[in-house]
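Structure data follow from query03.txt (compact mmCIF, C-alpha atoms and all ligand atoms):
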# COMPACT_ATOMS: atom_id res chain seq x y z
CA MET E 1405 373.44 250.88 1.68
CA SER E 1406 370.84 252.95 3.54
CA GLU E 1407 370.72 253.06 7.35
CA LEU E 1408 367.33 251.32 7.27
CA ASN E 1409 368.69 248.53 5.11
CA LYS E 1410 371.59 248.10 7.54
CA ILE E 1411 369.19 247.73 10.48
CA ALA E 1412 367.08 245.18 8.57
CA LEU E 1413 370.18 243.15 7.70
CA LYS E 1414 371.48 243.32 11.25
CA ILE E 1415 368.22 241.76 12.45
CA LEU E 1416 367.96 239.06 9.80
CA SER E 1417 371.47 238.01 8.75
CA ASN E 1418 373.36 234.80 9.58
CA GLY E 1419 370.28 232.71 10.28
CA LYS E 1420 369.09 235.03 13.03
CA GLY E 1421 365.38 235.61 13.49
CA ILE E 1422 362.94 237.69 15.48
CA LEU E 1423 361.36 236.90 18.82
CA ALA E 1424 357.79 238.24 18.69
CA ALA E 1425 357.20 239.01 22.37
CA ASP E 1426 354.69 241.76 21.63
CA GLU E 1427 351.55 240.11 22.96
CA SER E 1428 349.19 242.80 24.19
CA ASN E 1429 348.12 242.41 27.82
CA GLY E 1430 344.89 240.75 26.65
CA THR E 1431 346.72 238.10 24.60
CA MET E 1432 349.43 237.60 27.23
CA THR E 1433 346.74 237.07 29.85
CA LYS E 1434 345.24 234.29 27.67
CA ARG E 1435 348.69 232.70 27.30
CA LEU E 1436 349.33 232.89 31.07
CA ASP E 1437 345.82 231.68 31.92
CA SER E 1438 346.46 228.62 29.76
CA VAL E 1439 349.33 227.64 32.06
CA ALA E 1440 347.65 228.87 35.27
CA VAL E 1441 350.07 231.72 36.05
CA PRO E 1442 348.49 235.01 37.20
CA SER E 1443 348.86 237.72 34.56
CA THR E 1444 350.48 240.52 36.58
CA PRO E 1445 352.97 243.08 35.21
CA GLU E 1446 355.64 241.38 37.37
CA ASN E 1447 354.96 237.90 35.95
CA ARG E 1448 354.77 239.16 32.38
CA LEU E 1449 358.15 240.83 32.91
CA LEU E 1450 359.66 237.81 34.64
CA PHE E 1451 358.84 235.44 31.78
CA ARG E 1452 360.03 237.86 29.13
CA GLU E 1453 363.18 238.80 31.01
CA THR E 1454 363.97 235.10 31.33
CA LEU E 1455 363.97 234.88 27.52
CA PHE E 1456 365.83 238.18 27.01
CA THR E 1457 368.72 237.09 29.26
CA SER E 1458 369.15 233.65 27.64
CA GLU E 1459 372.15 232.50 25.60
CA ALA E 1460 369.85 232.29 22.57
CA MET E 1461 369.73 236.07 22.41
CA LYS E 1462 373.41 236.32 21.51
CA LYS E 1463 373.46 233.42 19.08
CA PHE E 1464 370.09 233.20 17.38
CA ILE E 1465 367.89 236.25 17.94
CA GLY E 1466 368.48 239.35 15.80
CA GLY E 1467 365.51 241.39 17.03
CA VAL E 1468 362.80 241.35 19.68
CA ILE E 1469 359.37 242.89 19.19
CA LEU E 1470 358.17 244.40 22.45
CA TYR E 1471 354.81 245.60 23.67
CA ASP E 1472 354.29 249.11 25.07
CA GLU E 1473 354.23 247.84 28.66
CA THR E 1474 357.49 245.89 28.30
CA ILE E 1475 359.57 248.56 26.54
CA LYS E 1476 358.96 250.82 29.55
CA GLN E 1477 359.71 248.22 32.23
CA ILE E 1478 362.92 248.01 34.26
CA SER E 1479 364.52 244.58 34.50
CA ASN E 1480 365.23 242.80 37.77
CA SER E 1481 368.92 243.62 37.14
CA ASN E 1482 367.87 247.28 37.10
CA LYS E 1483 368.28 247.88 33.36
CA ALA E 1484 365.81 249.33 30.90
CA ILE E 1485 364.49 246.47 28.74
CA PRO E 1486 365.73 247.90 25.40
CA GLU E 1487 369.18 248.30 26.98
CA LEU E 1488 369.11 244.69 28.16
CA ILE E 1489 368.25 243.53 24.63
CA SER E 1490 370.80 245.73 22.85
CA ALA E 1491 373.54 244.41 25.17
CA THR E 1492 372.99 240.93 23.67
CA GLY E 1493 373.54 242.24 20.14
CA ALA E 1494 369.84 242.03 19.21
CA VAL E 1495 367.81 245.03 18.07
CA PRO E 1496 364.84 246.19 20.19
CA GLY E 1497 361.58 246.67 18.27
CA ILE E 1498 358.06 247.70 19.21
CA LYS E 1499 354.51 246.85 18.15
CA VAL E 1500 352.88 250.18 17.34
CA ASP E 1501 349.41 249.23 16.19
CA THR E 1502 346.70 249.43 18.81
CA GLY E 1503 344.94 246.29 17.70
CA ALA E 1504 342.57 244.90 15.07
CA LYS E 1505 339.00 246.10 15.66
CA VAL E 1506 335.74 245.11 13.97
CA MET E 1507 335.41 247.18 10.81
CA ALA E 1508 332.43 249.54 10.62
CA ASN E 1509 329.80 248.18 8.20
CA SER E 1510 331.17 244.67 8.58
CA THR E 1511 330.71 242.27 11.44
CA GLU E 1512 333.16 239.68 10.19
CA GLU E 1513 336.28 241.61 9.24
CA LYS E 1514 338.79 243.69 11.14
CA ILE E 1515 340.78 246.83 10.52
CA THR E 1516 343.95 247.57 12.47
CA GLU E 1517 343.96 250.86 14.36
CA GLY E 1518 346.71 253.11 15.68
CA LEU E 1519 347.52 255.77 13.08
CA ASP E 1520 346.29 258.74 15.13
CA GLY E 1521 349.18 260.21 17.11
CA LEU E 1522 351.56 257.61 15.68
CA ARG E 1523 354.24 260.13 14.63
CA GLU E 1524 354.59 261.30 18.26
CA ARG E 1525 354.53 257.78 19.70
CA LEU E 1526 357.27 256.74 17.27
CA LYS E 1527 359.55 259.54 18.47
CA GLU E 1528 359.06 258.35 22.02
CA TYR E 1529 359.82 254.71 21.13
CA TYR E 1530 362.93 255.78 19.20
CA LYS E 1531 364.17 257.62 22.31
CA LEU E 1532 363.53 254.49 24.35
CA GLY E 1533 365.85 252.57 21.97
CA ALA E 1534 363.54 250.93 19.40
CA ARG E 1535 364.96 250.68 15.88
CA PHE E 1536 362.20 248.71 14.23
CA THR E 1537 358.44 248.43 14.60
CA LYS E 1538 355.54 246.14 13.81
CA TRP E 1539 351.97 246.58 12.55
CA ARG E 1540 349.73 243.60 11.88
CA GLY E 1541 346.73 243.54 9.55
CA VAL E 1542 344.49 240.44 9.87
CA TYR E 1543 342.40 238.83 7.17
CA ASN E 1544 340.11 235.84 7.50
CA ILE E 1545 339.30 233.41 4.71
CA THR E 1546 335.70 232.43 3.93
CA LYS E 1547 333.94 232.20 0.55
CA LYS E 1548 333.41 235.99 0.63
CA HIS E 1549 336.48 237.05 2.59
CA PRO E 1550 338.79 238.81 2.68
CA SER E 1551 336.65 241.45 0.97
CA GLU E 1552 338.07 244.10 -1.34
CA LEU E 1553 337.31 246.57 1.46
CA SER E 1554 339.42 244.73 4.02
CA ILE E 1555 342.25 244.10 1.56
CA HIS E 1556 342.31 247.74 0.53
CA SER E 1557 341.87 249.37 3.96
CA ASN E 1558 344.45 247.22 5.74
CA ALA E 1559 346.99 247.76 2.94
CA HIS E 1560 346.41 251.50 3.12
CA ALA E 1561 346.96 251.51 6.90
CA LEU E 1562 350.13 249.38 6.56
CA ALA E 1563 351.48 251.86 4.01
CA ARG E 1564 350.71 254.97 6.08
CA TYR E 1565 352.27 253.29 9.11
CA SER E 1566 355.39 252.31 7.13
CA ALA E 1567 355.89 255.85 5.82
CA LEU E 1568 355.76 257.33 9.33
CA VAL E 1569 358.14 254.68 10.69
CA GLN E 1570 360.74 255.21 7.96
CA GLU E 1571 360.46 258.99 8.42
CA CYS E 1572 361.42 258.40 12.07
CA GLY E 1573 364.50 256.32 11.12
CA MET E 1574 363.14 252.88 11.98
CA VAL E 1575 362.44 249.73 9.96
CA PRO E 1576 358.75 248.82 9.65
CA ILE E 1577 357.77 245.17 9.81
CA VAL E 1578 354.81 244.87 7.47
CA GLU E 1579 352.63 242.03 8.71
CA PRO E 1580 349.59 241.13 6.64
CA GLU E 1581 348.39 237.93 8.32
CA VAL E 1582 345.95 235.75 6.42
CA LEU E 1583 344.62 233.62 9.27
CA MET E 1584 344.74 229.82 9.37
CA ASP E 1585 341.25 229.59 10.96
CA GLY E 1586 338.66 227.82 8.82
CA ASP E 1587 338.32 224.85 6.50
CA HIS E 1588 339.61 226.51 3.32
CA SER E 1589 342.04 224.78 0.96
CA ALA E 1590 345.70 225.65 0.52
CA GLU E 1591 344.81 226.85 -2.97
CA ASP E 1592 342.40 229.35 -1.42
CA CYS E 1593 345.11 230.47 0.98
CA PHE E 1594 347.52 230.88 -1.95
CA ASN E 1595 345.07 232.95 -4.02
CA LYS E 1596 343.94 235.14 -1.16
CA THR E 1597 347.42 235.70 0.26
CA SER E 1598 348.56 236.67 -3.25
CA LYS E 1599 345.80 239.28 -3.52
CA VAL E 1600 346.59 240.66 -0.06
CA LEU E 1601 350.34 240.94 -0.76
CA LYS E 1602 349.80 242.48 -4.18
CA LYS E 1603 347.60 245.21 -2.74
CA CYS E 1604 349.99 245.84 0.16
CA PHE E 1605 352.90 246.48 -2.16
CA GLU E 1606 350.78 248.69 -4.44
CA GLU E 1607 349.93 250.86 -1.44
CA LEU E 1608 353.50 250.83 -0.10
CA MET E 1609 354.69 251.99 -3.52
CA LEU E 1610 352.08 254.75 -3.62
CA HIS E 1611 353.38 255.96 -0.24
CA ASN E 1612 357.00 256.03 -1.53
CA ILE E 1613 358.25 253.40 0.87
CA ASP E 1614 361.93 252.43 0.61
CA PHE E 1615 361.49 248.69 0.05
CA SER E 1616 365.12 248.02 1.04
CA GLY E 1617 364.25 249.28 4.53
CA ILE E 1618 361.28 247.09 5.41
CA ILE E 1619 360.82 243.52 6.62
CA LEU E 1620 357.81 241.54 5.40
CA LYS E 1621 356.14 239.25 7.94
CA PRO E 1622 353.71 237.03 6.05
CA ASN E 1623 351.89 233.77 6.72
CA MET E 1624 352.96 230.57 5.00
CA ILE E 1625 350.63 228.90 2.50
CA LEU E 1626 348.65 226.28 4.40
CA ALA E 1627 345.21 224.70 4.29
CA GLY E 1628 342.85 226.00 6.99
CA ALA E 1629 343.26 224.57 10.48
CA SER E 1630 339.99 222.61 10.21
CA SER E 1631 340.37 221.60 6.55
CA ASP E 1632 340.49 217.90 5.75
CA LYS E 1633 342.61 218.61 2.68
CA LYS E 1634 345.98 219.30 4.28
CA ILE E 1635 348.99 219.59 2.01
CA SER E 1636 352.51 218.30 2.65
CA ASN E 1637 355.26 220.48 4.12
CA GLU E 1638 357.09 220.26 0.77
CA GLU E 1639 354.01 221.69 -0.96
CA THR E 1640 353.72 224.44 1.64
CA ALA E 1641 357.32 225.43 1.03
CA LYS E 1642 356.93 225.44 -2.74
CA LEU E 1643 353.62 227.34 -2.80
CA THR E 1644 354.91 229.87 -0.26
CA LEU E 1645 357.96 230.55 -2.41
CA ILE E 1646 355.88 230.97 -5.58
CA CYS E 1647 353.48 233.33 -3.82
CA LEU E 1648 356.33 235.50 -2.51
CA LYS E 1649 358.24 235.52 -5.79
CA GLU E 1650 355.13 236.67 -7.63
CA ASN E 1651 354.17 239.45 -5.22
CA VAL E 1652 357.16 240.81 -3.30
CA PRO E 1653 359.48 243.38 -4.90
CA THR E 1654 363.07 242.10 -5.13
CA GLU E 1655 364.42 245.13 -3.20
CA VAL E 1656 362.86 243.81 0.04
CA PRO E 1657 365.83 242.41 2.00
CA GLY E 1658 364.06 239.83 4.06
CA ILE E 1659 360.98 237.89 4.92
CA ALA E 1660 360.36 236.80 8.51
CA PHE E 1661 357.41 234.43 8.76
CA LEU E 1662 354.80 234.35 11.52
CA SER E 1663 353.92 230.92 12.89
CA GLY E 1664 350.17 231.56 12.99
CA GLY E 1665 349.12 228.62 15.14
CA GLN E 1666 351.40 225.95 13.69
CA THR E 1667 353.14 223.77 16.26
CA GLU E 1668 356.74 224.59 17.06
CA VAL E 1669 358.09 221.70 14.99
CA GLU E 1670 355.75 222.31 12.03
CA ALA E 1671 356.78 225.98 11.85
CA THR E 1672 360.43 224.93 12.03
CA GLU E 1673 360.15 222.20 9.42
CA ASN E 1674 358.28 224.44 6.98
CA LEU E 1675 360.85 227.23 7.35
CA ASN E 1676 363.63 224.72 6.80
CA LEU E 1677 362.05 223.48 3.56
CA ILE E 1678 361.43 227.04 2.37
CA ASN E 1679 365.15 227.68 2.81
CA LYS E 1680 366.18 224.43 1.14
CA HIS E 1681 364.20 225.45 -1.95
CA ASN E 1682 364.87 229.18 -1.71
CA ASP E 1683 365.84 230.35 -5.21
CA THR E 1684 365.34 234.05 -4.41
CA ASN E 1685 367.63 236.69 -2.92
CA PHE E 1686 365.29 237.21 0.03
CA ILE E 1687 366.55 236.20 3.45
CA MET E 1688 363.87 233.82 4.75
CA THR E 1689 363.71 233.62 8.51
CA TYR E 1690 361.31 233.58 11.44
CA SER E 1691 359.46 236.13 13.52
CA TYR E 1692 357.65 233.67 15.73
CA GLY E 1693 355.60 234.29 18.85
CA ARG E 1694 353.94 231.03 19.82
CA ALA E 1695 356.35 228.76 17.91
CA LEU E 1696 359.30 230.17 19.88
CA GLN E 1697 357.71 230.53 23.30
CA GLN E 1698 355.16 227.75 23.76
CA SER E 1699 357.32 225.05 25.33
CA ALA E 1700 359.37 227.58 27.31
CA LEU E 1701 356.16 229.04 28.76
CA LYS E 1702 354.86 225.59 29.67
CA PHE E 1703 358.13 224.66 31.37
CA TRP E 1704 358.37 228.00 33.20
CA SER E 1705 354.81 227.75 34.54
CA LYS E 1706 355.77 224.66 36.60
CA ASP E 1707 358.24 226.76 38.58
CA ILE E 1708 358.51 230.41 37.65
CA LYS E 1709 361.80 230.69 39.56
CA ASN E 1710 363.49 228.10 37.35
CA ILE E 1711 365.17 230.60 35.06
CA GLU E 1712 367.97 228.33 33.84
CA GLY E 1713 365.68 225.43 32.95
CA THR E 1714 363.33 227.73 31.06
CA GLN E 1715 366.24 229.29 29.22
CA ASN E 1716 367.47 225.84 28.16
CA VAL E 1717 364.09 225.10 26.59
CA PHE E 1718 364.08 228.46 24.80
CA ASN E 1719 367.72 228.12 23.67
CA HIS E 1720 366.87 224.81 22.02
CA ARG E 1721 363.81 226.18 20.21
CA ALA E 1722 365.65 229.25 18.93
CA ASN E 1723 368.58 227.07 17.87
CA MET E 1724 366.21 224.85 15.83
CA CYS E 1725 364.61 227.89 14.18
CA THR E 1726 367.98 229.38 13.29
CA LEU E 1727 369.07 226.08 11.74
CA ALA E 1728 365.81 226.11 9.75
CA ALA E 1729 366.53 229.68 8.62
CA GLN E 1730 369.66 228.24 6.99
CA GLY E 1731 368.05 225.05 5.66
CA LYS E 1732 370.19 223.01 8.08
CA TRP E 1733 367.49 221.64 10.42
CA SER E 1734 366.53 217.96 10.64
CA ALA E 1735 364.00 216.12 12.81
CA GLU E 1736 366.76 214.15 14.57
CA LEU E 1737 368.21 217.39 15.96
CA GLU E 1738 364.99 217.98 17.89
CA SER E 1739 365.76 215.24 20.37
CA GLN E 1740 369.47 215.91 20.86
C1 LIG T 1801 353.10 237.79 19.67
O1 LIG T 1801 351.78 237.86 19.22
C2 LIG T 1801 351.36 239.02 18.49
C3 LIG T 1801 349.94 239.16 18.93
O2 LIG T 1801 349.70 240.36 19.40
P1 LIG T 1801 348.19 240.81 19.82
O3 LIG T 1801 348.12 240.62 21.28
O4 LIG T 1801 348.16 242.24 19.41
O5 LIG T 1801 347.22 239.95 19.07
C4 LIG T 1801 351.30 238.75 16.96
O6 LIG T 1801 351.16 239.91 16.20
C5 LIG T 1801 352.52 238.05 16.53
O7 LIG T 1801 353.60 238.93 16.48
C6 LIG T 1801 352.39 237.40 15.16
O8 LIG T 1801 351.08 236.98 14.86
C7 LIG T 1801 353.30 236.21 15.13
O9 LIG T 1801 352.99 235.39 16.23
P2 LIG T 1801 352.76 233.85 15.97
O10 LIG T 1801 352.37 233.29 17.32
O11 LIG T 1801 351.67 233.75 14.92
O12 LIG T 1801 354.09 233.34 15.46
Give the structure from the file, written as structure tokens.
Ligand code: 5MM
Amino acid sequence: MSELNKIALKILSNGKGILAADESNGTMTKRLDSVAVPSTPENRLLFRETLFTSEAMKKFIGGVILYDETIKQISNSNKAIPELISATGAVPGIKVDTGAKVMANSTEEKITEGLDGLRERLKEYYKLGARFTKWRGVYNITKKHPSELSIHSNAHALARYSALVQECGMVPIVEPEVLMDGDHSAEDCFNKTSKVLKKCFEELMLHNIDFSGIILKPNMILAGASSDKKISNEETAKLTLICLKENVPTEVPGIAFLSGGQTEVEATENLNLINKHNDTNFIMTYSYGRALQQSALKFWSKDIKNIEGTQNVFNHRANMCTLAAQGKWSAELESQ
């Protein structure tokens, strides 16, 4: 077993999942604005540290994706953040892309940037304690999109990023996110996600990536957020499994889904059904941002000094997600 495969399994095994706490300052400011808390470095740290020191970290969370600001912050208990996370048994990770920007010669599609100087930045993050990384490509669905150009360019960037990350001894999370925005059908989402994944793995292969040392972070197969043709959770689980079986090489150890704008319970229920029907060898777990943090953030905003209360809310959510990652979740458990 390679070192990279060991890291991936440490993050994903036993129903554990990933806490995606890598919101850039722009996104985190939107999240904090929505609950009327000022977005200062101190407040961003306070909320995140509240999650990182919860019981959930030891029991349910295998890895945390950090943002550049956070990985360099010192906790209120005077510890470096990666040290605080490692002490819980979870693996510190870092988002290394510098964001999705409008693609030249296209006003509607985005290309993720951050390859220039990446080799040097990776060395620095490794020294700070990171052992895995994340890069997110985004694709929108319309009649014409994603275009061949966007599918190809984002896959190429994901592959170049992955090669540099593995060279540096870390596990790359490969996140091609086909967005939920729009009124497209689930069938459209299935077809377009399939094309995106197929191209990603072609490019990863071309760049000699060790598939046993990556984690895939895909979207689930859903109808667009404003579509009137929603499908059932059972159908989402089945279509998601077919899509992954058809496009992901069997050497990949695990798949950690993004929540993409689903509610906390929806994202949990869909993951649970995926695991109930999982007839693959892939570990199927979560790498949620919003679907792990939403209710904790709302609770915390009422009194940012109420650490214990906020942690209780987060512990519950992470517990539900970990049950779902084992196919053991049920709706009744939500209210217990
Ligand atoms: C945590 O949110 C990340 C967003 O970062 P940006 O500020 O760079 O947009 C995002 O990449 C996230 O990791 C994934 O989309 C999963 O989060 P959700 O909320 O979709 O589960």
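The gap separating CA of Ala1700 in chain E from CA of Glu1738 in chain E is 14.6 Å, in Å to one decimal.
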Given 3 Å of margin on each side, can you work out the centre and size in Å (one decimal) of an axis-aligned box holding every listed atom of range 1409-1423 of chain E, as JSON?
{"center_x": 367.4, "center_y": 240.6, "center_z": 12.0, "size_x": 18.0, "size_y": 21.8, "size_z": 19.7}
inquiry  = Report as a ChimeraX atom specification all protein, DNA and RNA residues lying within 7 Å of range 1592-1595 of chain E, evaluated on all atoms listed in the file, omitting residues in the same chain fewer than 5 positions from it.
reply    = /E:1625-1627,1647
Atomic separation - CA of Val1468 in chain E relative to atom O1 of ligand LIG 1801 (chain T), Å = 11.6 Å
Give one line per residue of chain E that approaches ligand LIG 1801 (chain T) to at most 6 Å, naming the two atoms of the closest pair and their distance in Å to one decimal, counting all atoms listed in the file; sort by chain then ascending residue number and deliver it as CSV.
residue,atom,partner,partner_atom,distance
E:Ala1424,CA,T:LIG1801,O7,4.8
E:Ala1425,CA,T:LIG1801,C1,5.1
E:Asp1426,CA,T:LIG1801,C1,4.7
E:Glu1427,CA,T:LIG1801,O3,3.9
E:Ser1428,CA,T:LIG1801,O3,3.8
E:Thr1431,CA,T:LIG1801,O3,4.4
E:Gly1503,CA,T:LIG1801,O4,5.4
E:Arg1540,CA,T:LIG1801,O6,5.9
E:Leu1662,CA,T:LIG1801,O12,4.1
E:Ser1663,CA,T:LIG1801,O12,3.5
E:Gly1664,CA,T:LIG1801,O11,3.3
E:Gly1665,CA,T:LIG1801,O11,5.7
E:Tyr1692,CA,T:LIG1801,O12,3.6
E:Gly1693,CA,T:LIG1801,O10,3.7
E:Arg1694,CA,T:LIG1801,O10,3.7
E:Ala1695,CA,T:LIG1801,O12,5.7
